[in-house]
$ cat start30.cif   # mmCIF, C-alpha atoms
data_structure
#
loop_
_atom_site.label_atom_id
_atom_site.label_comp_id
_atom_site.auth_asym_id
_atom_site.auth_seq_id
_atom_site.Cartn_x
_atom_site.Cartn_y
_atom_site.Cartn_z
CA MET A 1 24.49 -15.76 17.68
CA SER A 2 26.61 -13.98 20.27
CA ASN A 3 26.78 -10.28 20.85
CA ALA A 4 30.31 -10.03 19.48
CA SER A 5 29.60 -11.71 16.14
CA ALA A 6 26.39 -9.76 15.49
CA LEU A 7 28.14 -6.40 15.88
CA GLN A 8 30.04 -5.23 12.79
CA HIS A 9 33.37 -3.58 13.60
CA HIS A 10 32.41 -0.17 12.15
CA PHE A 11 29.52 0.31 14.61
CA GLU A 12 29.88 1.26 18.24
CA SER A 13 26.91 -0.66 19.55
CA LEU A 14 24.12 -2.98 18.43
CA GLU A 15 21.62 -0.13 18.87
CA GLN A 16 23.60 2.11 16.53
CA GLN A 17 23.97 -0.71 14.02
CA LYS A 18 20.25 -1.41 14.09
CA GLU A 19 19.28 2.24 13.72
CA SER A 20 21.58 2.55 10.67
CA SER A 21 19.93 -0.47 9.03
CA THR A 22 16.44 0.85 9.79
CA LEU A 23 17.37 4.27 8.42
CA GLY A 24 18.70 2.71 5.20
CA MET A 25 15.51 0.70 4.75
CA TRP A 26 13.41 3.81 5.23
CA VAL A 27 15.42 5.72 2.61
CA PHE A 28 14.64 2.86 0.21
CA ILE A 29 10.95 3.00 1.17
CA ALA A 30 10.91 6.81 0.69
CA GLN A 31 12.06 6.16 -2.89
CA GLU A 32 9.32 3.55 -3.28
CA VAL A 33 6.72 6.05 -2.04
CA LEU A 34 7.70 8.39 -4.88
CA PHE A 35 7.87 5.51 -7.40
CA PHE A 36 4.24 4.58 -6.71
CA GLY A 37 3.40 8.28 -6.17
CA GLY A 38 4.13 8.98 -9.84
CA LEU A 39 1.58 6.34 -10.85
CA PHE A 40 -1.04 7.71 -8.44
CA ALA A 41 -0.43 11.23 -9.83
CA THR A 42 -0.88 9.91 -13.41
CA TYR A 43 -4.10 8.19 -12.39
CA THR A 44 -5.42 11.41 -10.79
CA VAL A 45 -4.60 13.50 -13.89
CA TYR A 46 -6.52 11.12 -16.20
CA ARG A 47 -9.37 10.63 -13.77
CA VAL A 48 -9.92 14.39 -13.66
CA LYS A 49 -9.66 14.54 -17.46
CA TYR A 50 -12.10 11.67 -18.20
CA PRO A 51 -14.31 11.39 -15.07
CA GLU A 52 -17.33 9.66 -16.70
CA VAL A 53 -15.29 7.04 -18.56
CA PHE A 54 -13.14 6.30 -15.49
CA ALA A 55 -16.31 5.90 -13.39
CA ALA A 56 -17.83 3.52 -15.97
CA ALA A 57 -14.60 1.53 -16.28
CA SER A 58 -14.08 1.22 -12.52
CA HIS A 59 -17.68 0.02 -12.04
CA HIS A 60 -16.64 -3.22 -13.72
CA LEU A 61 -14.23 -4.07 -10.87
CA ASN A 62 -15.56 -6.37 -8.16
CA VAL A 63 -15.65 -4.34 -4.92
CA THR A 64 -16.36 -7.47 -2.82
CA LEU A 65 -13.22 -9.22 -4.09
CA GLY A 66 -11.22 -6.01 -3.62
CA ALA A 67 -12.46 -5.56 -0.04
CA ALA A 68 -11.85 -9.23 0.81
CA ASN A 69 -8.33 -8.94 -0.58
CA THR A 70 -7.76 -5.81 1.51
CA ALA A 71 -8.69 -7.82 4.62
CA VAL A 72 -6.36 -10.66 3.55
CA LEU A 73 -3.43 -8.28 3.05
CA ILE A 74 -4.07 -6.49 6.37
CA SER A 75 -4.07 -9.94 8.03
CA SER A 76 -0.71 -10.72 6.41
CA SER A 77 0.61 -7.45 7.85
CA LEU A 78 -0.54 -8.58 11.30
CA THR A 79 1.19 -11.97 10.95
CA MET A 80 4.34 -10.17 9.72
CA ALA A 81 4.25 -7.86 12.78
CA LEU A 82 3.87 -10.95 14.99
CA ALA A 83 6.85 -12.59 13.23
CA VAL A 84 8.95 -9.51 14.01
CA HIS A 85 7.71 -9.65 17.60
CA ALA A 86 8.62 -13.35 17.91
CA ALA A 87 12.05 -12.68 16.37
CA ALA A 88 12.80 -9.97 18.95
CA LEU A 89 12.00 -12.54 21.65
CA GLY A 90 13.96 -15.31 19.88
CA ARG A 91 10.99 -17.70 19.76
CA ARG A 92 12.25 -19.87 16.91
CA LYS A 93 9.14 -21.90 16.03
CA GLN A 94 6.82 -18.90 16.34
CA ILE A 95 8.92 -16.84 13.92
CA VAL A 96 8.78 -19.63 11.33
CA ALA A 97 5.03 -20.15 11.81
CA TRP A 98 4.16 -16.45 11.48
CA LEU A 99 6.44 -16.04 8.44
CA LEU A 100 4.87 -19.03 6.67
CA LEU A 101 1.38 -17.75 7.49
CA THR A 102 2.38 -14.37 6.02
CA VAL A 103 3.47 -16.10 2.79
CA LEU A 104 0.23 -18.10 2.73
CA LEU A 105 -1.93 -14.98 3.11
CA GLY A 106 0.14 -13.22 0.44
CA ALA A 107 -0.41 -16.18 -1.90
CA ALA A 108 -4.16 -16.02 -1.19
CA PHE A 109 -4.13 -12.34 -2.15
CA LEU A 110 -2.39 -13.10 -5.45
CA GLY A 111 -4.81 -16.01 -6.05
CA VAL A 112 -7.76 -13.60 -5.87
CA LYS A 113 -5.83 -11.24 -8.14
CA VAL A 114 -5.48 -14.06 -10.70
CA VAL A 115 -9.27 -14.54 -10.66
CA GLU A 116 -9.74 -10.80 -11.19
CA TYR A 117 -7.18 -10.62 -14.03
CA GLN A 118 -8.84 -13.61 -15.71
CA ASP A 119 -12.14 -11.73 -15.70
CA LYS A 120 -10.46 -8.78 -17.47
CA PHE A 121 -9.03 -11.10 -20.15
CA GLU A 122 -12.41 -12.74 -20.69
CA HIS A 123 -14.18 -9.39 -21.09
CA HIS A 124 -11.50 -7.94 -23.42
CA LEU A 125 -10.48 -5.33 -20.88
CA VAL A 126 -6.72 -5.90 -21.23
CA PRO A 127 -5.21 -2.93 -23.11
CA GLY A 128 -4.06 -3.83 -26.60
CA PRO A 129 -5.48 -4.77 -30.02
CA SER A 130 -8.22 -6.99 -28.55
CA PHE A 131 -9.45 -4.34 -26.07
CA SER A 132 -13.18 -3.75 -26.34
CA GLY A 133 -15.44 -1.27 -24.58
CA HIS A 134 -18.41 -3.54 -25.27
CA VAL A 135 -18.92 -4.76 -21.68
CA LEU A 136 -18.56 -1.15 -20.44
CA HIS A 137 -21.02 0.15 -23.09
CA LEU A 138 -18.33 2.47 -24.41
CA GLU A 139 -17.15 2.99 -28.00
CA GLY A 140 -15.01 5.31 -30.11
CA GLU A 141 -13.03 7.89 -28.16
CA GLU A 142 -14.53 6.71 -24.87
CA GLU A 143 -13.33 3.17 -25.54
CA LYS A 144 -9.80 4.54 -25.98
CA GLN A 145 -10.09 6.48 -22.72
CA ALA A 146 -11.24 3.30 -20.94
CA GLN A 147 -8.00 1.68 -22.18
CA ILE A 148 -6.10 4.36 -20.26
CA TYR A 149 -7.97 3.34 -17.09
CA TYR A 150 -7.15 -0.34 -17.62
CA SER A 151 -3.53 0.44 -18.55
CA LEU A 152 -3.20 2.18 -15.19
CA TYR A 153 -5.11 -0.63 -13.45
CA PHE A 154 -2.68 -3.27 -14.73
CA ALA A 155 0.42 -1.10 -14.23
CA MET A 156 -0.47 -0.26 -10.61
CA THR A 157 -1.84 -3.61 -9.44
CA GLY A 158 0.84 -5.44 -11.49
CA LEU A 159 3.72 -3.54 -9.89
CA HIS A 160 2.11 -4.05 -6.49
CA ALA A 161 1.85 -7.80 -7.16
CA LEU A 162 5.48 -7.84 -8.34
CA HIS A 163 6.52 -6.35 -5.00
CA MET A 164 4.70 -9.18 -3.24
CA ILE A 165 6.29 -11.82 -5.49
CA ILE A 166 9.72 -10.37 -4.63
CA GLY A 167 8.74 -10.58 -0.95
CA PHE A 168 8.00 -14.33 -1.01
CA PRO A 169 11.57 -15.68 -1.44
CA ILE A 170 12.80 -13.16 1.15
CA LEU A 171 10.16 -14.31 3.67
CA LEU A 172 10.92 -17.98 2.98
CA GLY A 173 14.67 -17.34 3.30
CA LEU A 174 14.04 -15.65 6.67
CA ALA A 175 11.99 -18.69 7.76
CA VAL A 176 14.95 -20.98 6.97
CA PHE A 177 17.40 -18.79 8.92
CA ALA A 178 14.89 -18.45 11.77
CA TRP A 179 14.57 -22.26 11.91
CA LYS A 180 18.36 -22.44 12.31
CA GLY A 181 18.04 -20.12 15.31
CA ARG A 182 19.75 -17.13 13.69
CA TYR A 183 17.45 -14.49 15.24
CA GLY A 184 17.03 -13.51 18.86
CA PRO A 185 16.88 -10.60 21.31
CA GLU A 186 20.39 -9.43 20.31
CA TRP A 187 19.90 -9.42 16.56
CA SER A 188 16.79 -9.81 14.41
CA THR A 189 17.29 -6.91 12.01
CA PRO A 190 16.59 -8.83 8.73
CA VAL A 191 13.14 -9.86 10.02
CA GLU A 192 12.40 -6.27 11.08
CA LEU A 193 13.48 -4.73 7.78
CA THR A 194 11.53 -7.28 5.73
CA GLY A 195 8.57 -6.38 7.96
CA LEU A 196 8.96 -2.72 6.94
CA TYR A 197 8.97 -3.76 3.26
CA TRP A 198 5.89 -5.97 3.67
CA HIS A 199 3.94 -3.28 5.55
CA PHE A 200 4.84 -0.77 2.85
CA VAL A 201 3.37 -3.11 0.21
CA ASP A 202 0.25 -3.28 2.40
CA ILE A 203 0.03 0.53 2.47
CA VAL A 204 0.25 0.72 -1.34
CA TRP A 205 -2.80 -1.56 -1.54
CA ILE A 206 -4.62 0.49 1.14
CA PHE A 207 -4.49 3.35 -1.41
CA LEU A 208 -4.98 1.25 -4.57
CA PHE A 209 -8.25 -0.16 -3.25
CA PRO A 210 -10.15 3.17 -2.96
CA PHE A 211 -8.47 4.70 -6.04
CA LEU A 212 -9.29 1.82 -8.40
CA TYR A 213 -12.37 0.15 -6.86
CA LEU A 214 -14.30 2.69 -4.79
CA ILE A 215 -14.04 6.13 -6.37
CA HIS A 216 -16.58 6.43 -9.17
CA MET B 1 14.33 3.11 21.89
CA SER B 2 15.51 0.13 19.85
CA GLU B 3 14.60 -2.59 22.34
CA HIS B 4 11.08 -1.29 22.78
CA LEU B 5 8.74 -4.25 22.37
CA VAL B 6 5.26 -3.34 21.21
CA PRO B 7 2.73 -5.45 23.15
CA VAL B 8 0.78 -7.97 21.07
CA ARG B 9 -2.55 -6.46 22.12
CA THR B 10 -1.51 -3.19 20.43
CA TYR B 11 -1.03 -5.09 17.15
CA LEU B 12 -4.41 -6.75 17.57
CA ALA B 13 -6.11 -3.42 18.29
CA VAL B 14 -4.52 -1.84 15.18
CA PHE B 15 -5.56 -4.88 13.12
CA ALA B 16 -9.17 -4.58 14.33
CA ALA B 17 -9.18 -0.85 13.57
CA LEU B 18 -7.88 -1.50 10.04
CA LEU B 19 -10.64 -4.05 9.38
CA VAL B 20 -13.34 -1.70 10.72
CA LEU B 21 -12.00 1.15 8.56
CA THR B 22 -12.02 -1.15 5.48
CA LEU B 23 -15.70 -1.95 6.11
CA ALA B 24 -16.40 1.75 6.70
CA THR B 25 -14.82 2.81 3.41
CA VAL B 26 -16.79 0.17 1.46
CA ALA B 27 -20.03 1.25 3.19
CA ALA B 28 -19.33 4.94 2.53
CA ALA B 29 -18.71 4.21 -1.17
CA ARG B 30 -22.22 2.75 -1.51
CA VAL B 31 -23.83 6.07 -0.51
CA ASP B 32 -23.80 9.06 -2.86
CA LEU B 33 -22.56 11.88 -0.65
CA GLY B 34 -22.95 14.52 -3.36
CA GLU B 35 -20.69 17.27 -4.63
CA PRO B 36 -21.39 20.48 -2.70
CA GLU B 37 -19.88 23.69 -4.05
CA VAL B 38 -17.44 25.37 -1.68
CA GLY B 39 -15.99 28.72 -2.80
CA GLY B 40 -16.60 27.95 -6.47
CA PHE B 41 -15.10 24.43 -6.31
CA ARG B 42 -17.16 21.27 -6.49
CA ILE B 43 -16.02 18.94 -3.70
CA PRO B 44 -16.67 15.22 -4.37
CA VAL B 45 -17.36 14.15 -0.76
CA ASN B 46 -17.11 10.42 -1.59
CA VAL B 47 -13.53 10.91 -2.80
CA VAL B 48 -12.60 12.97 0.26
CA VAL B 49 -14.03 10.32 2.62
CA ALA B 50 -12.35 7.39 0.79
CA LEU B 51 -8.94 9.06 0.77
CA SER B 52 -9.23 10.26 4.39
CA ILE B 53 -9.93 6.70 5.54
CA ALA B 54 -7.01 5.39 3.43
CA CYS B 55 -4.68 7.99 5.00
CA LEU B 56 -5.88 7.05 8.49
CA LYS B 57 -5.20 3.35 7.78
CA ALA B 58 -1.75 4.15 6.38
CA ILE B 59 -0.89 6.24 9.47
CA LEU B 60 -1.91 3.35 11.77
CA VAL B 61 0.29 0.90 9.81
CA ILE B 62 3.26 3.31 9.78
CA LEU B 63 3.08 4.25 13.47
CA PHE B 64 2.44 0.81 14.97
CA PHE B 65 3.21 -2.04 12.53
CA MET B 66 6.28 -0.18 11.23
CA HIS B 67 7.26 1.02 14.73
CA VAL B 68 7.75 4.64 13.65
CA LYS B 69 6.02 5.82 16.84
CA TYR B 70 8.85 4.15 18.79
CA SER B 71 11.71 4.98 16.38
CA GLY B 72 14.43 7.58 16.84
CA PRO B 73 14.07 11.13 15.51
CA LEU B 74 16.36 10.46 12.51
CA VAL B 75 14.14 7.64 11.22
CA GLN B 76 11.02 9.73 11.89
CA LEU B 77 12.52 12.61 9.90
CA VAL B 78 13.19 10.35 6.88
CA VAL B 79 9.64 8.94 7.04
CA ALA B 80 8.16 12.44 7.19
CA SER B 81 10.38 13.63 4.33
CA ALA B 82 9.09 10.81 2.10
CA PHE B 83 5.59 12.24 2.40
CA VAL B 84 6.77 15.84 2.00
CA TRP B 85 8.31 14.83 -1.35
CA LEU B 86 5.15 12.95 -2.30
CA PHE B 87 3.14 16.09 -1.49
CA ILE B 88 5.44 18.18 -3.73
CA LEU B 89 5.07 15.63 -6.55
CA ILE B 90 1.26 15.61 -6.36
CA ALA B 91 0.77 19.32 -5.56
CA ILE B 92 2.94 20.71 -8.34
CA THR B 93 1.55 18.27 -10.94
CA MET B 94 -2.03 19.08 -10.00
CA SER B 95 -1.44 22.83 -9.75
CA ASP B 96 -0.92 22.57 -13.53
CA TYR B 97 -3.53 19.99 -14.61
CA LEU B 98 -6.34 21.12 -12.32
CA THR B 99 -6.02 24.82 -13.14
CA ARG B 100 -5.86 24.66 -16.95
CA GLY B 101 -8.62 26.75 -18.50
CA TRP B 102 -9.30 28.77 -15.35
CA LEU B 103 -8.50 32.04 -17.13
CA LEU B 104 -10.77 31.08 -20.05
CA GLY B 105 -13.67 30.37 -17.71
CA ARG B 106 -13.74 26.66 -18.57
CA PRO B 107 -13.94 23.85 -16.00
CA ALA B 108 -10.71 22.20 -14.85
CA ALA B 109 -8.80 19.85 -17.21
#

$ encode --input "start30.cif" --output "structure tokens"
Amino acid sequence: MSNASALQHHFESLEQQKESSTLGMWVFIAQEVLFFGGLFATYTVYRVKYPEVFAAASHHLNVTLGAANTAVLISSSLTMALAVHAAALGRRKQIVAWLLLTVLLGAAFLGVKVVEYQDKFEHHLVPGPSFSGHVLHLEGEEEKQAQIYYSLYFAMTGLHALHMIIGFPILLGLAVFAWKGRYGPEWSTPVELTGLYWHFVDIVWIFLFPFLYLIH
Amino acid sequence: MSEHLVPVRTYLAVFAALLVLTLATVAAARVDLGEPEVGGFRIPVNVVVALSIACLKAILVILFFMHVKYSGPLVQLVVASAFVWLFILIAITMSDYLTRGWLLGRPAA
């Protein structure tokens, strides 16, 4: 793609155009920070209110799986950063390879999440009529409070997973355009902005992991 | 500013640091660090350590993977403002929930 066709008429230069796009993406991410921030604030309020029950409920989560998944997601952030790097250099095959690897690592993360969710279903830890505090050794009021923990667990990890699922078609679409040679030193903004989105999703998990798995 | 290419070895160094910090936070969670009382408040050290490590990891991702270290001042201002708003959200909510019952001499919440 030539310089002239990449530059929209209402921008003075490619630099200005790119900075505008980056700024817009960051405004969107600022909104996302507050969107997830509300959930983290809710979690903190209830954790302070029911510390013993939240500790007991969180002990049921598998820290090893959570830590392994953290490593997988951090790796997918690295491959995403390398895709952005390859796009800025216009290395067509490398961009596609790094993007596909990012999708693969993201899918591995969600695969582990499926295993974890299945465990919650099997132990009746999904909030609703069949919820049971039996496996947590909780009953009565404490069982109800444990449901609050698992409601937050599913809301927070579920919305995080949804963000990743939304990311997949975008990453695959970028791979198709990259294969056609659309991105190079002059213009690779879509790859960069998708990178920002993917790294943000990584950051959300960096906080979800200690909040849900580690703090007892 | 916009054509600044971050060298690959910087990405690899950040990646290694993130993995080490993940191991560190898991290791720290296995040890009971206690709840010393500071000025009448009980400080759960495990929580402080876990959240400090998470913040450090987030800062590394934002500065290097998300290129904010190399971005223009306008982008940096928007990034900073996101966390100022998050601080307001958390601080004002908690200034209510964590201080209920103080005047009655009961513990928080």

$ residues_near_point --input "start30.cif" --point "(15.6, 12.1, 9.9)" --cutoff "12 Å" --atoms "all atoms listed in the file" --output "number ranges by chain"
A: 19-20, 22-24, 26-27, 30; B: 68, 71-82

$ interface_residues --input "start30.cif" --of "chain A" --to "chain B" --cutoff "8 Å" --atoms "all atoms listed in the file" --output "short mmCIF file (atom, residue, chain, number, x, y, z; two decimals) with C-alpha atoms, in the coordinates of the input"
data_model
loop_
_atom_site.label_atom_id
_atom_site.label_comp_id
_atom_site.auth_asym_id
_atom_site.auth_seq_id
_atom_site.Cartn_x
_atom_site.Cartn_y
_atom_site.Cartn_z
CA GLU A 15 21.62 -0.13 18.87
CA LYS A 18 20.25 -1.41 14.09
CA GLU A 19 19.28 2.24 13.72
CA THR A 22 16.44 0.85 9.79
CA LEU A 23 17.37 4.27 8.42
CA TRP A 26 13.41 3.81 5.23
CA VAL A 27 15.42 5.72 2.61
CA ALA A 30 10.91 6.81 0.69
CA GLN A 31 12.06 6.16 -2.89
CA VAL A 33 6.72 6.05 -2.04
CA LEU A 34 7.70 8.39 -4.88
CA GLY A 37 3.40 8.28 -6.17
CA GLY A 38 4.13 8.98 -9.84
CA ALA A 41 -0.43 11.23 -9.83
CA VAL A 45 -4.60 13.50 -13.89
CA VAL A 48 -9.92 14.39 -13.66
CA LYS A 49 -9.66 14.54 -17.46
CA VAL A 63 -15.65 -4.34 -4.92
CA ALA A 67 -12.46 -5.56 -0.04
CA THR A 70 -7.76 -5.81 1.51
CA ALA A 71 -8.69 -7.82 4.62
CA ILE A 74 -4.07 -6.49 6.37
CA SER A 75 -4.07 -9.94 8.03
CA SER A 77 0.61 -7.45 7.85
CA LEU A 78 -0.54 -8.58 11.30
CA ALA A 81 4.25 -7.86 12.78
CA LEU A 82 3.87 -10.95 14.99
CA HIS A 85 7.71 -9.65 17.60
CA ALA A 88 12.80 -9.97 18.95
CA GLY A 195 8.57 -6.38 7.96
CA LEU A 196 8.96 -2.72 6.94
CA HIS A 199 3.94 -3.28 5.55
CA ILE A 203 0.03 0.53 2.47
CA ILE A 206 -4.62 0.49 1.14
CA PHE A 207 -4.49 3.35 -1.41
CA PRO A 210 -10.15 3.17 -2.96
CA LEU A 214 -14.30 2.69 -4.79
CA ILE A 215 -14.04 6.13 -6.37
#

$ atom_distance --input "start30.cif" --atom1 "CA of Arg91 in chain A" --atom2 "CA of Leu7 in chain A"
20.9 Å

$ closest_residue --input "start30.cif" --among "A:Tyr46, A:Phe177, A:Phe28, A:Phe35" --to "Tyr197 in chain A" --atoms "all atoms listed in the file"
A:Phe28

$ resolve_selection --input "start30.cif" --expression "the PyMOL selection byres ((chain A and resi 90) around 10)" --output "number ranges by chain"
A: 84-89, 91-95, 178, 181-188

$ resolve_selection --input "start30.cif" --expression "the PyMOL selection byres ((chain A and resi 58) around 12)" --output "JSON, numbers by chain"
{"A": [47, 51, 52, 53, 54, 55, 56, 57, 59, 60, 61, 62, 63, 66, 120, 125, 135, 136, 146, 147, 148, 149, 150, 152, 153, 209, 210, 211, 212, 213, 214, 215, 216]}

$ atom_distance --input "start30.cif" --atom1 "CA of Leu21 in chain B" --atom2 "CA of Tyr70 in chain B"
23.4 Å

$ atom_distance --input "start30.cif" --atom1 "CA of Ile88 in chain B" --atom2 "CA of Leu208 in chain A"
19.9 Å

$ residues_near_point --input "start30.cif" --point "(11.2, -7.9, 2.0)" --cutoff "12 Å" --atoms "all atoms listed in the file" --output "NGL selection string"
:A and (25 or 28-29 or 80 or 99 or 102-103 or 162-174 or 189-202)

$ build_atoms --input "start30.cif" --residues "range 60-89 of chain B" --atoms "N, CA and C atoms" --output "CSV table (one decimal), keeping the file's coordinate frame"
chain,number,residue,atom,x,y,z
B,60,LEU,N,-1.9,4.4,10.8
B,60,LEU,CA,-1.9,3.4,11.8
B,60,LEU,C,-0.8,2.3,11.5
B,61,VAL,N,-0.7,1.9,10.2
B,61,VAL,CA,0.3,0.9,9.8
B,61,VAL,C,1.7,1.5,10.1
B,62,ILE,N,1.9,2.7,9.6
B,62,ILE,CA,3.3,3.3,9.8
B,62,ILE,C,3.7,3.5,11.2
B,63,LEU,N,2.7,4.0,12.1
B,63,LEU,CA,3.1,4.2,13.5
B,63,LEU,C,3.3,3.0,14.3
B,64,PHE,N,2.4,2.0,14.1
B,64,PHE,CA,2.4,0.8,15.0
B,64,PHE,C,3.1,-0.4,14.3
B,65,PHE,N,2.6,-0.9,13.2
B,65,PHE,CA,3.2,-2.0,12.5
B,65,PHE,C,4.7,-1.7,12.1
B,66,MET,N,4.9,-0.5,11.7
B,66,MET,CA,6.3,-0.2,11.2
B,66,MET,C,7.1,0.5,12.3
B,67,HIS,N,6.5,0.6,13.5
B,67,HIS,CA,7.3,1.0,14.7
B,67,HIS,C,7.8,2.5,14.7
B,68,VAL,N,7.2,3.3,13.8
B,68,VAL,CA,7.8,4.6,13.6
B,68,VAL,C,7.5,5.5,14.9
B,69,LYS,N,6.3,5.1,15.6
B,69,LYS,CA,6.0,5.8,16.8
B,69,LYS,C,7.1,5.6,17.9
B,70,TYR,N,7.8,4.5,17.8
B,70,TYR,CA,8.8,4.2,18.8
B,70,TYR,C,10.3,4.3,18.2
B,71,SER,N,10.4,4.8,17.0
B,71,SER,CA,11.7,5.0,16.4
B,71,SER,C,12.4,6.3,16.8
B,72,GLY,N,13.7,6.4,16.5
B,72,GLY,CA,14.4,7.6,16.8
B,72,GLY,C,14.1,8.7,15.9
B,73,PRO,N,14.5,10.0,16.3
B,73,PRO,CA,14.1,11.1,15.5
B,73,PRO,C,14.6,11.1,14.1
B,74,LEU,N,15.8,10.5,13.9
B,74,LEU,CA,16.4,10.5,12.5
B,74,LEU,C,15.5,9.6,11.6
B,75,VAL,N,15.0,8.5,12.0
B,75,VAL,CA,14.1,7.6,11.2
B,75,VAL,C,12.8,8.4,11.0
B,76,GLN,N,12.3,9.0,12.0
B,76,GLN,CA,11.0,9.7,11.9
B,76,GLN,C,11.1,10.9,10.9
B,77,LEU,N,12.3,11.5,10.8
B,77,LEU,CA,12.5,12.6,9.9
B,77,LEU,C,12.5,12.1,8.5
B,78,VAL,N,13.2,10.9,8.2
B,78,VAL,CA,13.2,10.4,6.9
B,78,VAL,C,11.8,9.9,6.4
B,79,VAL,N,11.0,9.4,7.4
B,79,VAL,CA,9.6,8.9,7.0
B,79,VAL,C,8.8,10.2,6.7
B,80,ALA,N,8.9,11.2,7.5
B,80,ALA,CA,8.2,12.4,7.2
B,80,ALA,C,8.6,13.0,5.8
B,81,SER,N,9.9,13.0,5.6
B,81,SER,CA,10.4,13.6,4.3
B,81,SER,C,9.8,12.9,3.1
B,82,ALA,N,9.6,11.6,3.2
B,82,ALA,CA,9.1,10.8,2.1
B,82,ALA,C,7.7,11.4,1.7
B,83,PHE,N,6.9,11.7,2.7
B,83,PHE,CA,5.6,12.2,2.4
B,83,PHE,C,5.6,13.7,2.0
B,84,VAL,N,6.6,14.5,2.5
B,84,VAL,CA,6.8,15.8,2.0
B,84,VAL,C,7.1,15.8,0.5
B,85,TRP,N,8.0,14.9,0.1
B,85,TRP,CA,8.3,14.8,-1.4
B,85,TRP,C,7.1,14.4,-2.2
B,86,LEU,N,6.4,13.4,-1.6
B,86,LEU,CA,5.2,13.0,-2.3
B,86,LEU,C,4.2,14.1,-2.5
B,87,PHE,N,4.0,14.9,-1.4
B,87,PHE,CA,3.1,16.1,-1.5
B,87,PHE,C,3.6,17.0,-2.6
B,88,ILE,N,4.9,17.3,-2.7
B,88,ILE,CA,5.4,18.2,-3.7
B,88,ILE,C,5.1,17.6,-5.1
B,89,LEU,N,5.3,16.3,-5.3
B,89,LEU,CA,5.1,15.6,-6.6
B,89,LEU,C,3.6,15.8,-7.0
